[in-house]
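Visitor: Submitted below is the structure of interest, expressed as structure tokens.
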Amino acid sequence: QVQLVESGGGLVQAGGSLRLSCVASGKIFNIRAMGWYRQAPGKQRELVATITSGGSTNYADSVKGRFTISRTNAVNTVYLQMNSLKSEDTAVYYCNADYIGMDYWGKGTLVTVSS
């Protein structure tokens with residue numbers, strides 16, 4: 001079992017920045033990758049960014065150049081630095097962990113960007 005707890009969401013004006021954090025606990029030794037997904041009202045959950053245990057990253061086209069994902073392996077924490085936020089970034093952001101092919105999810109943190 002892997003537990004994920006997100007933090008850092010909130011209300012921000014367009015053009016502003018936020019940093020999300022996700023701390024993994026439990027059987028974290030075999031986590032292969034961690035990432036962030038988001039779900040806006042009335043839309044499907046979508047990938048935002050992922051990072052593997054080796055440090056390889058992947059981003060959705062919509063956030064490239066604005067968001068940066070990073071992780072601290074020692075404490076299994078993953079961050080999402082979000083800059084130049086837009087109203088369309090408003091969503092619940094979920095942390096994800098790929099544990100030997102099994103997906104684990106956090107409860108989500110709400111990010112609201114006001115225009």
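To be explicit about the labels: the chains of the structure tokens are called A, B, and onward in the order shown, and within each one the residues are counted from 1, while ligands get numbers from 1 in the order they are shown.
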As a list in words, please: every residue in chain A that a backbone DSSP assignment puts in helix (DSSP H, G or I).
Guide: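 In chain A, DSSP puts these residues in helix (DSSP H, G or I): Asn73, Ala74, Val75, Ser87, Glu88 and Asp89 of chain A.
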Visitor: I'd like the neighbourhood of Glu46 in chain A as a list in words, where a residue qualifies if any of its atoms comes within 8 Å (using only C-alpha atoms), though same-chain residues fewer than 4 positions away should be ignored.
Guide: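 The contact residues come out as Tyr37, Arg38 and Gln39 of chain A.
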Visitor: What are the DSSP strand (DSSP E or B) residues of range 6-112 of chain A, as JSON, numbers by chain?
Guide: {"A": [6, 7, 10, 11, 12, 13, 18, 19, 20, 21, 22, 23, 24, 25, 26, 31, 32, 33, 34, 35, 36, 37, 38, 39, 46, 47, 48, 49, 50, 51, 52, 57, 58, 59, 67, 68, 69, 70, 71, 72, 77, 78, 79, 80, 81, 82, 91, 92, 93, 94, 95, 96, 97, 98, 99, 102, 103, 104, 105, 109, 110, 111, 112]}
Visitor: For Gly35 in chain A, which of A:Gly8, A:Gly106, A:Gly15, A:Gly65 is the closest residue, counting only C-alpha atoms?
Guide: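 Looking only at the distances to Gly35 in chain A, the closest residue turns out to be A:Gly106.
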Visitor: Quick one: of A:Thr50, A:Asn96, A:Thr90, A:Thr77, who's nearest to Leu110 in chain A, counting only C-alpha atoms?
Guide: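 Smallest distance to Leu110 in chain A is found for A:Thr90.
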Visitor: At what distance in Å, to one decimal, does CA of Gly101 in chain A lie from CA of Gln1 in chain A?
Guide: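 Straight-line distance from CA of Gln1 in chain A to CA of Gly101 in chain A works out to 12.6 Å.
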Visitor: Can you tell me, as a PyMOL selection string, what residues are no more than 6 Å from Arg19 in chain A when counting only C-alpha atoms, ignoring any on the same chain fewer than 4 positions away?
Guide: chain A and resi 8+80-82
Visitor: Output N, CA, C and O atoms of each residue in that selection to a file, as an mmCIF file, in the first residue's frame.
Guide:
```cif
data_model
loop_
_atom_site.group_PDB
_atom_site.id
_atom_site.type_symbol
_atom_site.label_atom_id
_atom_site.label_comp_id
_atom_site.auth_asym_id
_atom_site.auth_seq_id
_atom_site.Cartn_x
_atom_site.Cartn_y
_atom_site.Cartn_z
ATOM 1 N N GLY A 8 -0.729 22.421 -0.951
ATOM 2 C CA GLY A 8 -0.244 23.564 -1.712
ATOM 3 C C GLY A 8 -1.253 24.220 -2.625
ATOM 4 O O GLY A 8 -0.955 25.243 -3.249
ATOM 5 N N LEU A 80 5.259 20.139 -7.815
ATOM 6 C CA LEU A 80 4.847 20.716 -9.093
ATOM 7 C C LEU A 80 4.883 22.227 -8.935
ATOM 8 O O LEU A 80 4.030 22.807 -8.249
ATOM 9 N N GLN A 81 5.878 22.843 -9.545
ATOM 10 C CA GLN A 81 5.966 24.296 -9.551
ATOM 11 C C GLN A 81 5.181 24.814 -10.742
ATOM 12 O O GLN A 81 5.475 24.458 -11.882
ATOM 13 N N MET A 82 4.186 25.617 -10.458
ATOM 14 C CA MET A 82 3.295 26.118 -11.512
ATOM 15 C C MET A 82 3.452 27.634 -11.616
ATOM 16 O O MET A 82 3.160 28.360 -10.654
#
```
